[in-house]
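This report concerns only the one structure given below.
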Amino acid sequence: MNEILLKEGMTPRERIEAMSSGKPFDRVPCNIFIGDHAASIIGVKVSDLNFSSEKFIQGQLAANELYSIESTGVSPGLAGIAEALGSKLVFPDHGAPYVSKYAIKDILDLNKLSVPDPVKAGRFSFVLETAEKLSEKFGKEIPVSIEVPGPFTSAGNLMSIEKLLRDTRKNPEYIHRVLRLVTDTTISFIREAAKLDVEIGIAEPSASGTLISKDMFEKFTLPYLTEIVDTIKNLGKGSPYLHICGNTKKIWTLMADTGAGSLSLDDVIDLEEAKKTVGDRVMLIGNVKPTATMYLGKPADVERDAKECLKKAYNNPKGYVLALGCGFPIDTPPENIHALRAAAIKYGKYPYEPELFR
């Protein structure tokens, strides 16, 4: 156990488990999910982290040594389910993977696809192997998770988001067939992931209010997300977190209706509003600005942003986790990462000290 954990008295795993169960804890958890930034710490390419469990683990160990991370995990990526079904990806040396060739180019292509091997398809084996090693290295002290993409996001990476959005109007039955396939594939993989000592989370950025309406969310996202959440819980895992990018205000109650235990919210929304709307149903996670504050800002900006988030959500009935509003920028300055965690320690104490926010 590193020196900072010894000083604080609770491990990150103990802290989040206490909050989740309504027991006393020392301070608000600070979810520094370091992601691809780990590549810069150990001097490798970001693309290396997508294929080498050894380098991925090395990066997380180095990140913990440098920042005292409070969570860790691995994911097939937002296009990982589509990749397992046949979409071809490009893995930049310094950026996130993206689709170069969609598995579904026309309506007939869907008939050629079926649920693939949940262990061998795409990079599933890499994710499962890495998650098992993460659990062995960190699991006693730091929560480990596997994040899966949501079905609407996976469908967009299987056939392109433009075609997906068009055909929700022109051919909704076809889109439901696509969503059925990606949901079944996701659930098949989750059944393998659930055999490990990890939690499971869901990222569904394409279901953002920026792209689809509340009505579309109810028709094309809610049923499949709910099915995935139910599967995770029925397999004995905790209620997953759910992240959706952009302005999700109109669907907060629907996001909670999925059965997710916590909602990760983008920085474009007001945490206090979310607390008043669904805070009695779900834990809230967020929403320090990833680009404007963490990447482009200074430590003083990080402290100010984190303090504001804590002021608004520290007393959320179901708990609150200080974190970024979206993905962690690869080139985030280390001093800003230190500042985020320092703010959680300074302002997130339990029992809470309201005078700190004045």
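Just so we're on the same page: first chain in the structure tokens is A, next is B, and so on; residues restart at 1 for each chain, and ligands are numbered from 1 in the order they show up.
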**Prompt:** Skipping near chain neighbours, those fewer than 2 positions away, what residues fall within 7 Å of segment 139-151 of chain A using only C-alpha atoms, listed as a ChimeraX atom specification?
**Reply:** /A:11-13,70-78,131,134-137,153-155,179,182-183,198-204,224-225
**Request:** From a DSSP calculation on the backbone, collect every residue of segment 245-280 of chain A in strand (DSSP E or B) and output the set as a PyMOL selection string.
**Result:** chain A and resi 262-265
**Message:** Ranking A:Gly319, A:Gly35, A:Pro333, A:Gly325 by minimum distance to Ala306 of chain A and counting only C-alpha atoms, which one comes first?
**Reply:** A:Gly325
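Proximity of A:Cys309, A:Leu49, A:Thr221, A:Pro334 to Tyr295 of chain A, computed with only C-alpha atoms, is greatest for A:Pro334.
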**Message:** At a cut-off of 10 Å, using only C-alpha atoms, what residues contact Tyr67 of chain A? Leave out same-chain residues fewer than 3 positions from it and give the result as a count of residues only.
**Reply:** 13
**Request:** Extract, using only C-alpha atoms, all DNA, RNA and protein residues at most 7 Å from segment 16-29 of chain A, discarding same-chain residues fewer than 5 positions from it, and format them as a list in words.
**Result:**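 Surrounding residues, per the criterion: Gly319, Tyr320, Val321, Leu322, Ala344, Ile345, Gly348, Lys349 and Tyr350 of chain A.
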Write a file of the selected residues as a CSV table (one decimal), in the first residue's frame, keeping all heavy atoms.
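Resulting contents of result-v9.csv:
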```csv
chain,number,residue,atom,x,y,z
A,319,GLY,N,-24.7,9.8,-2.9
A,319,GLY,CA,-23.3,9.9,-2.9
A,319,GLY,C,-22.8,10.6,-4.2
A,319,GLY,O,-23.5,10.8,-5.1
A,320,TYR,N,-21.5,11.0,-4.1
A,320,TYR,CA,-20.9,11.8,-5.2
A,320,TYR,C,-19.5,11.4,-5.3
A,320,TYR,O,-18.8,11.2,-4.3
A,320,TYR,CB,-21.1,13.3,-4.9
A,320,TYR,CG,-20.3,14.1,-5.8
A,320,TYR,CD1,-20.6,14.2,-7.2
A,320,TYR,CD2,-19.2,14.9,-5.4
A,320,TYR,CE1,-19.8,15.0,-8.1
A,320,TYR,CE2,-18.4,15.6,-6.2
A,320,TYR,CZ,-18.7,15.7,-7.6
A,320,TYR,OH,-17.9,16.4,-8.4
A,321,VAL,N,-19.0,11.3,-6.6
A,321,VAL,CA,-17.6,11.0,-6.9
A,321,VAL,C,-17.1,12.2,-7.7
A,321,VAL,O,-17.6,12.5,-8.8
A,321,VAL,CB,-17.5,9.7,-7.7
A,321,VAL,CG1,-16.0,9.5,-8.1
A,321,VAL,CG2,-17.9,8.5,-6.8
A,322,LEU,N,-16.0,12.8,-7.3
A,322,LEU,CA,-15.4,13.9,-8.1
A,322,LEU,C,-14.6,13.3,-9.2
A,322,LEU,O,-13.8,12.3,-9.0
A,322,LEU,CB,-14.4,14.7,-7.2
A,322,LEU,CG,-13.7,15.8,-7.9
A,322,LEU,CD1,-14.6,16.9,-8.3
A,322,LEU,CD2,-12.6,16.4,-6.9
A,344,ALA,N,-9.9,17.2,-3.9
A,344,ALA,CA,-10.8,16.2,-3.3
A,344,ALA,C,-10.4,16.0,-1.8
A,344,ALA,O,-11.3,15.9,-0.9
A,344,ALA,CB,-10.6,14.8,-4.0
A,345,ILE,N,-9.1,16.0,-1.5
A,345,ILE,CA,-8.7,15.8,-0.1
A,345,ILE,C,-9.0,17.0,0.7
A,345,ILE,O,-9.4,16.9,1.9
A,345,ILE,CB,-7.2,15.5,-0.1
A,345,ILE,CG1,-6.9,14.2,-0.7
A,345,ILE,CG2,-6.6,15.5,1.3
A,345,ILE,CD1,-5.4,13.9,-1.0
A,348,GLY,N,-13.3,17.7,0.2
A,348,GLY,CA,-14.2,16.6,0.2
A,348,GLY,C,-14.3,15.8,1.5
A,348,GLY,O,-14.7,14.6,1.5
A,349,LYS,N,-13.9,16.4,2.6
A,349,LYS,CA,-13.8,15.7,3.8
A,349,LYS,C,-15.2,15.2,4.3
A,349,LYS,O,-16.2,15.9,4.1
A,349,LYS,CB,-13.1,16.5,4.9
A,349,LYS,CG,-11.7,16.8,4.6
A,349,LYS,CD,-11.1,17.7,5.7
A,349,LYS,CE,-9.7,18.1,5.3
A,349,LYS,NZ,-9.1,19.0,6.3
A,350,TYR,N,-15.3,14.1,5.0
A,350,TYR,CA,-16.5,13.6,5.6
A,350,TYR,C,-16.2,13.5,7.1
A,350,TYR,O,-15.2,12.8,7.5
A,350,TYR,CB,-16.9,12.3,5.0
A,350,TYR,CG,-18.1,11.7,5.6
A,350,TYR,CD1,-19.4,11.9,5.1
A,350,TYR,CD2,-18.1,10.9,6.8
A,350,TYR,CE1,-20.5,11.4,5.7
A,350,TYR,CE2,-19.2,10.3,7.4
A,350,TYR,CZ,-20.4,10.6,6.8
A,350,TYR,OH,-21.6,10.0,7.3
```
**Request:** Extract, using only C-alpha atoms, all DNA, RNA and protein residues at most 10 Å from Thr226 of chain A, discarding same-chain residues fewer than 4 positions from it, and format them as a ChimeraX atom specification.
**Result:** /A:221-222,230-232,254-260
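Nearest residue to Asp106 of chain A, choosing from A:Val178, A:Ala84, A:Val119, A:Ile41 and counting only C-alpha atoms: A:Val178.
Nearest to Leu158 of chain A of all the residues A:Ile57, A:Val229, A:Ala207, A:Leu85 is A:Leu85, counting only C-alpha atoms.
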**Request:** Could you give me, as a PyMOL selection string, each residue of segment 20-210 of chain A that DSSP assigns to helix (DSSP H, G or I) when run on this structure's backbone?
**Result:** chain A and resi 20+37-42+46-50+53-67+80-84+107-112+124-138+151-159+161-170+172-193+205-207
**Message:** I'd like the contact shell of Gly156 of chain A - 12 Å cut-off, only C-alpha atoms, skipping same-chain residues fewer than 5 positions apart - returned as a PyMOL selection string.
**Reply:** chain A and resi 78-83+87+98-99+102-105+149-151+161-168+175+178-179+182+204-207+211
**Message:** Can you pull out the residues contacting Thr332 of chain A? Cut-off 12 Å, using only C-alpha atoms, and skip same-chain residues under 5 positions away; I want them as JSON, numbers by chain.
**Reply:** {"A": [32, 34, 35, 36, 37, 38, 39, 40, 41, 289, 290, 291, 292, 293, 294, 295, 296, 297, 298, 299, 302, 324, 327, 337, 338, 339, 340]}
